[in-house]
Amino acid sequence: MNHLLGIRDLTKENIYSYLETSTGFIEVSQRDIKKVPALRGKTVINLFLEPSTRTRASFEIAGKRMSADTINLSGSGTSVVKGESFLDTLETLQAMNPDAIVLRHAKSGAAHFAARFLKTTSVINAGDGMNEHPTQALLDCLTLKRHFEKHGKGIEGLTIAIVGDVVHSRVARSNIWAHKTLGNRIKLVGPRSLVPKELASDRCFGANISIHHNLAEGIEGADVIMVLRMQRERQNQNFVPSIDEYSKVFCVGEKVIEAYAPDSVVLHPGPANRGVEITGALLDSERALVHDQVNHGVAVRMAVLFNTCVLDNDNREAA
Ligand code: NCD
């Protein structure tokens, strides 16, 4: 089956191919009648076993705009709460012959686990614990591509600063893999407890990565500043003395950016905690491309569904 489990498995060509297909789908959402028949007759199950607003809504909208039959299941509405195992839930859903299961799960590796056991259904990872969130990285890359294109640039040769709770963030991991593959320089910024130096070791992300525990030094010279939410639901101990202490030192605002990375743009995957990791003023400013990110998220998910449910079936039949 063709799965999308992580960015780590993708080549540079794969990334550009997703971005190209996504670009073609942006226009569909701008039409009066926002629907194309590309996935007519296909069934997509969105299985969200962890909270989500934008990822879940945009996968559902993407499926519907492509004419797929989409159904949405959330943790509290499934038999998981009655004690059914995750594998039994997956196999039950597979028996209804969906073309794809879009899975969000609190445990790292859940998407790989599902892909290993499902024989006739493709798995699309919509975020697994602290591991990966591939469609988020693709929509971030698409947002950057469209932004830098306006300035006659591409998305290679950039410096990307990722600020905040890197260690618990699947958004950071997927983006790190993407920007490593694109050959970009990556600066990871935050307190030692959330950005340990081991992240830059060969056993982890290795080359092209530097670690910074000072915000100004970390964002200096960055073309892109990616701000992360504090993942309190994934922290089993106090990683910072208090949220107030964290914000005093690492909350990203316009002032520090003006001084150290005046030409940069800011991304945030949402949900943002205003005044914790990013100031409200910065989030609402033109520098922050957050609404473009959400908008492009629909196009990226249309492309991913198309690739999974149509292109790969065609490829298999041709093979
Ligand atoms: C992210 C997630 O759930 O991983 N949100 C999202 O999908 N847009 C980031 C987060 O929760 O902080």
# chains A, B, ... in the order shown; residues from 1 in each chain; ligands from 1
$ select_by_dssp --residues "region 57-204 of chain A" --states "alpha helix (DSSP H)" --output "NGL selection string"
:A and (57-65 or 86-94 or 110-117 or 134-149 or 170-181)
$ residues_near_ligand --ligand "ligand 1" --cutoff "6 Å" --atoms "only C-alpha atoms and all ligand atoms" --output "MDAnalysis selection string"
chainID A and resid 54:55 127 170:171 229 269:271
$ write_last_selection --atoms "N, CA and C atoms" --output "PDB file, in the first residue's frame"
ATOM      1  N   ARG A  54      -7.429  22.229  13.211  1.00  0.00           N
ATOM      2  CA  ARG A  54      -7.151  22.493  11.788  1.00  0.00           C
ATOM      3  C   ARG A  54      -6.839  21.249  10.984  1.00  0.00           C
ATOM      4  N   THR A  55      -6.074  20.332  11.532  1.00  0.00           N
ATOM      5  CA  THR A  55      -5.702  19.159  10.736  1.00  0.00           C
ATOM      6  C   THR A  55      -6.950  18.357  10.407  1.00  0.00           C
ATOM      7  N   GLY A 127      -0.283  12.964  12.452  1.00  0.00           N
ATOM      8  CA  GLY A 127       0.369  13.321  13.718  1.00  0.00           C
ATOM      9  C   GLY A 127       0.371  12.135  14.658  1.00  0.00           C
ATOM     10  N   ARG A 170       6.230  16.970  17.088  1.00  0.00           N
ATOM     11  CA  ARG A 170       6.235  16.238  15.803  1.00  0.00           C
ATOM     12  C   ARG A 170       6.307  17.211  14.635  1.00  0.00           C
ATOM     13  N   VAL A 171       5.806  18.445  14.842  1.00  0.00           N
ATOM     14  CA  VAL A 171       5.894  19.454  13.781  1.00  0.00           C
ATOM     15  C   VAL A 171       7.367  19.782  13.545  1.00  0.00           C
ATOM     16  N   ARG A 229       4.365  25.423  19.861  1.00  0.00           N
ATOM     17  CA  ARG A 229       3.574  25.468  21.098  1.00  0.00           C
ATOM     18  C   ARG A 229       4.251  24.600  22.160  1.00  0.00           C
ATOM     19  N   PRO A 269       2.341  26.451  13.755  1.00  0.00           N
ATOM     20  CA  PRO A 269       1.397  25.433  13.277  1.00  0.00           C
ATOM     21  C   PRO A 269       0.001  25.585  13.878  1.00  0.00           C
ATOM     22  N   GLY A 270      -0.104  26.350  14.959  1.00  0.00           N
ATOM     23  CA  GLY A 270      -1.365  26.421  15.684  1.00  0.00           C
ATOM     24  C   GLY A 270      -1.615  25.104  16.414  1.00  0.00           C
ATOM     25  N   PRO A 271      -2.373  25.089  17.460  1.00  0.00           N
ATOM     26  CA  PRO A 271      -2.954  26.242  18.124  1.00  0.00           C
ATOM     27  C   PRO A 271      -1.875  27.047  18.870  1.00  0.00           C
TER      28      PRO A 271
END
$ residues_around --residues "region 88-103 of chain A" --least-positions-apart "4" --cutoff "9 Å" --atoms "only C-alpha atoms" --output "ChimeraX atom specification"
/A:3,42-49,59,78-80,84,110-111,114,117-128,305,308-309
$ write_last_selection --atoms "N, CA, C and O atoms" --output "CSV table (one decimal), in the first residue's frame"
chain,number,residue,atom,x,y,z
A,3,HIS,N,1.6,4.5,1.7
A,3,HIS,CA,1.3,5.3,2.9
A,3,HIS,C,2.0,6.6,2.9
A,3,HIS,O,3.1,6.7,2.3
A,42,LYS,N,-14.3,7.1,-3.8
A,42,LYS,CA,-13.2,6.7,-2.8
A,42,LYS,C,-13.8,7.0,-1.4
A,42,LYS,O,-14.5,7.9,-1.2
A,43,THR,N,-13.3,6.2,-0.5
A,43,THR,CA,-13.8,6.4,0.9
A,43,THR,C,-12.6,6.7,1.8
A,43,THR,O,-11.5,5.9,1.7
A,44,VAL,N,-12.7,7.7,2.5
A,44,VAL,CA,-11.6,8.1,3.4
A,44,VAL,C,-12.1,8.2,4.9
A,44,VAL,O,-13.1,8.8,5.1
A,45,ILE,N,-11.4,7.5,5.8
A,45,ILE,CA,-11.8,7.5,7.2
A,45,ILE,C,-10.8,8.4,8.0
A,45,ILE,O,-9.6,8.1,7.9
A,46,ASN,N,-11.3,9.5,8.6
A,46,ASN,CA,-10.4,10.3,9.4
A,46,ASN,C,-10.6,9.8,10.9
A,46,ASN,O,-11.6,10.0,11.5
A,47,LEU,N,-9.6,9.1,11.3
A,47,LEU,CA,-9.6,8.5,12.7
A,47,LEU,C,-8.7,9.4,13.6
A,47,LEU,O,-7.5,9.3,13.6
A,48,PHE,N,-9.4,10.2,14.4
A,48,PHE,CA,-8.6,11.2,15.2
A,48,PHE,C,-8.8,10.8,16.7
A,48,PHE,O,-9.8,11.1,17.3
A,49,LEU,N,-7.7,10.2,17.2
A,49,LEU,CA,-7.7,9.7,18.6
A,49,LEU,C,-7.0,10.7,19.5
A,49,LEU,O,-6.6,10.3,20.6
A,59,PHE,N,-8.5,18.0,6.6
A,59,PHE,CA,-8.6,16.7,6.0
A,59,PHE,C,-10.0,16.4,5.5
A,59,PHE,O,-10.3,15.9,4.4
A,78,THR,N,-15.5,6.4,19.6
A,78,THR,CA,-15.2,5.1,19.0
A,78,THR,C,-15.2,4.0,20.1
A,78,THR,O,-15.3,4.3,21.3
A,79,SER,N,-15.2,2.8,19.7
A,79,SER,CA,-15.2,1.7,20.6
A,79,SER,C,-13.9,1.6,21.4
A,79,SER,O,-13.8,0.7,22.3
A,80,VAL,N,-12.9,2.4,21.1
A,80,VAL,CA,-11.7,2.5,21.9
A,80,VAL,C,-12.0,2.7,23.4
A,80,VAL,O,-11.4,2.1,24.3
A,84,GLU,N,-11.9,-1.7,23.2
A,84,GLU,CA,-11.4,-2.4,22.0
A,84,GLU,C,-9.9,-2.0,21.8
A,84,GLU,O,-9.6,-0.8,22.0
A,110,ALA,N,2.4,5.1,16.0
A,110,ALA,CA,1.1,4.6,15.8
A,110,ALA,C,0.8,4.4,14.3
A,110,ALA,O,0.2,3.4,13.9
A,111,ALA,N,1.2,5.4,13.5
A,111,ALA,CA,1.0,5.3,12.1
A,111,ALA,C,1.8,4.1,11.4
A,111,ALA,O,1.2,3.4,10.6
A,114,ALA,N,0.0,0.9,12.3
A,114,ALA,CA,-1.2,0.7,11.5
A,114,ALA,C,-0.8,0.3,10.1
A,114,ALA,O,-1.4,-0.7,9.5
A,117,PHE,N,0.1,-3.4,9.8
A,117,PHE,CA,-1.0,-4.4,9.9
A,117,PHE,C,-2.1,-4.3,8.8
A,117,PHE,O,-2.8,-5.3,8.5
A,118,LEU,N,-2.3,-3.1,8.3
A,118,LEU,CA,-3.3,-3.0,7.3
A,118,LEU,C,-2.8,-3.4,5.9
A,118,LEU,O,-1.8,-2.9,5.5
A,119,LYS,N,-3.6,-4.3,5.3
A,119,LYS,CA,-3.1,-4.8,4.0
A,119,LYS,C,-3.7,-4.2,2.8
A,119,LYS,O,-3.2,-4.3,1.7
A,120,THR,N,-4.9,-3.7,3.0
A,120,THR,CA,-5.7,-3.1,1.8
A,120,THR,C,-6.0,-1.7,2.0
A,120,THR,O,-6.8,-1.1,1.1
A,121,THR,N,-5.5,-1.0,3.0
A,121,THR,CA,-5.9,0.4,3.2
A,121,THR,C,-4.6,1.2,3.5
A,121,THR,O,-3.7,0.8,4.2
A,122,SER,N,-4.5,2.3,2.8
A,122,SER,CA,-3.4,3.2,3.0
A,122,SER,C,-3.5,4.0,4.3
A,122,SER,O,-4.6,4.4,4.6
A,123,VAL,N,-2.4,4.3,4.9
A,123,VAL,CA,-2.4,5.1,6.1
A,123,VAL,C,-1.8,6.4,5.9
A,123,VAL,O,-0.7,6.5,5.3
A,124,ILE,N,-2.4,7.5,6.3
A,124,ILE,CA,-1.8,8.8,6.2
A,124,ILE,C,-1.7,9.3,7.6
A,124,ILE,O,-2.7,9.3,8.4
A,125,ASN,N,-0.5,9.6,8.0
A,125,ASN,CA,-0.2,10.0,9.4
A,125,ASN,C,-0.6,11.5,9.5
A,125,ASN,O,0.0,12.4,8.9
A,126,ALA,N,-1.5,11.8,10.4
A,126,ALA,CA,-2.0,13.1,10.7
A,126,ALA,C,-1.4,13.6,12.0
A,126,ALA,O,-1.9,14.5,12.7
A,127,GLY,N,-0.3,13.0,12.5
A,127,GLY,CA,0.4,13.3,13.7
A,127,GLY,C,0.4,12.1,14.7
A,127,GLY,O,-0.7,11.7,15.1
A,128,ASP,N,1.6,11.6,14.9
A,128,ASP,CA,1.7,10.5,15.9
A,128,ASP,C,2.6,10.9,17.0
A,128,ASP,O,3.8,11.0,16.9
A,305,LEU,N,-4.2,13.1,-0.4
A,305,LEU,CA,-5.3,12.1,-0.6
A,305,LEU,C,-5.3,11.7,-2.1
A,305,LEU,O,-5.5,10.5,-2.4
A,308,THR,N,-2.4,9.3,-2.6
A,308,THR,CA,-2.6,8.0,-2.0
A,308,THR,C,-3.7,7.2,-2.6
A,308,THR,O,-3.6,6.0,-2.8
A,309,CYS,N,-4.8,7.8,-2.9
A,309,CYS,CA,-6.0,7.0,-3.4
A,309,CYS,C,-6.1,6.9,-4.9
A,309,CYS,O,-6.7,5.9,-5.4
$ closest_residue --among "A:Ser169, A:Arg185, A:Glu245, A:Glu20" --to "Gly206 (chain A)" --atoms "only C-alpha atoms"
A:Arg185
$ closest_residue --among "A:Ser210, A:Phe113, A:His168, A:Arg8" --to "Asn236 (chain A)" --atoms "only C-alpha atoms"
A:His168
$ residues_around --residues "Leu139 (chain A)" --least-positions-apart "6" --cutoff "9 Å" --atoms "only C-alpha atoms" --output "list in words"
Leu19, Ser22, Gln293, Val294, Asn295, His296, Gly297, Val298, Ala299, Val300 and Arg301 of chain A
$ write_last_selection --atoms "N, CA, C and O atoms" --output "short mmCIF file (atom, residue, chain, number, x, y, z; two decimals), in the first residue's frame"
data_model
loop_
_atom_site.label_atom_id
_atom_site.label_comp_id
_atom_site.auth_asym_id
_atom_site.auth_seq_id
_atom_site.Cartn_x
_atom_site.Cartn_y
_atom_site.Cartn_z
N LEU A 19 4.40 19.33 -3.44
CA LEU A 19 4.17 20.78 -3.45
C LEU A 19 3.55 21.20 -4.79
O LEU A 19 2.66 22.04 -4.84
N SER A 22 -0.06 20.08 -4.86
CA SER A 22 -0.83 20.94 -3.94
C SER A 22 -1.11 22.29 -4.59
O SER A 22 -2.22 22.82 -4.48
N GLN A 293 -0.77 29.32 6.06
CA GLN A 293 -0.50 27.92 6.43
C GLN A 293 -1.80 27.12 6.45
O GLN A 293 -1.89 26.03 5.91
N VAL A 294 -2.81 27.68 7.10
CA VAL A 294 -4.08 26.95 7.22
C VAL A 294 -4.71 26.78 5.83
O VAL A 294 -5.16 25.68 5.47
N ASN A 295 -4.68 27.84 5.05
CA ASN A 295 -5.24 27.78 3.71
C ASN A 295 -4.52 26.72 2.86
O ASN A 295 -5.15 25.89 2.20
N HIS A 296 -3.21 26.71 2.91
CA HIS A 296 -2.46 25.74 2.12
C HIS A 296 -2.61 24.32 2.66
O HIS A 296 -2.40 23.35 1.94
N GLY A 297 -3.00 24.22 3.93
CA GLY A 297 -3.20 22.90 4.52
C GLY A 297 -4.27 22.12 3.77
O GLY A 297 -4.16 20.90 3.58
N VAL A 298 -5.30 22.80 3.33
CA VAL A 298 -6.37 22.11 2.58
C VAL A 298 -5.81 21.57 1.26
O VAL A 298 -6.01 20.41 0.91
N ALA A 299 -5.07 22.43 0.55
CA ALA A 299 -4.52 22.02 -0.76
C ALA A 299 -3.54 20.85 -0.60
O ALA A 299 -3.55 19.90 -1.40
N VAL A 300 -2.71 20.93 0.44
CA VAL A 300 -1.74 19.85 0.66
C VAL A 300 -2.47 18.53 0.95
O VAL A 300 -2.11 17.47 0.44
N ARG A 301 -3.54 18.61 1.74
CA ARG A 301 -4.25 17.37 2.08
C ARG A 301 -5.02 16.84 0.88
O ARG A 301 -5.16 15.63 0.72
#
$ atom_distance --atom1 "CA of Lys107 (chain A)" --atom2 "CA of His133 (chain A)"
12.3 Å
$ closest_residue --among "A:Leu282, A:Ser58, A:Ile7, A:Ala68" --to "Pro37 (chain A)" --atoms "only C-alpha atoms"
A:Ala68
$ residues_around --residues "Phe148 (chain A)" --least-positions-apart "4" --cutoff "12 Å" --atoms "only C-alpha atoms" --output "PyMOL selection string"
chain A and resi 141-144+152-158+223-224+263-265+289
$ closest_residue --among "A:Ile61, A:Ala106, A:Ala272, A:Val310" --to "Met1 (chain A)" --atoms "only C-alpha atoms"
A:Val310
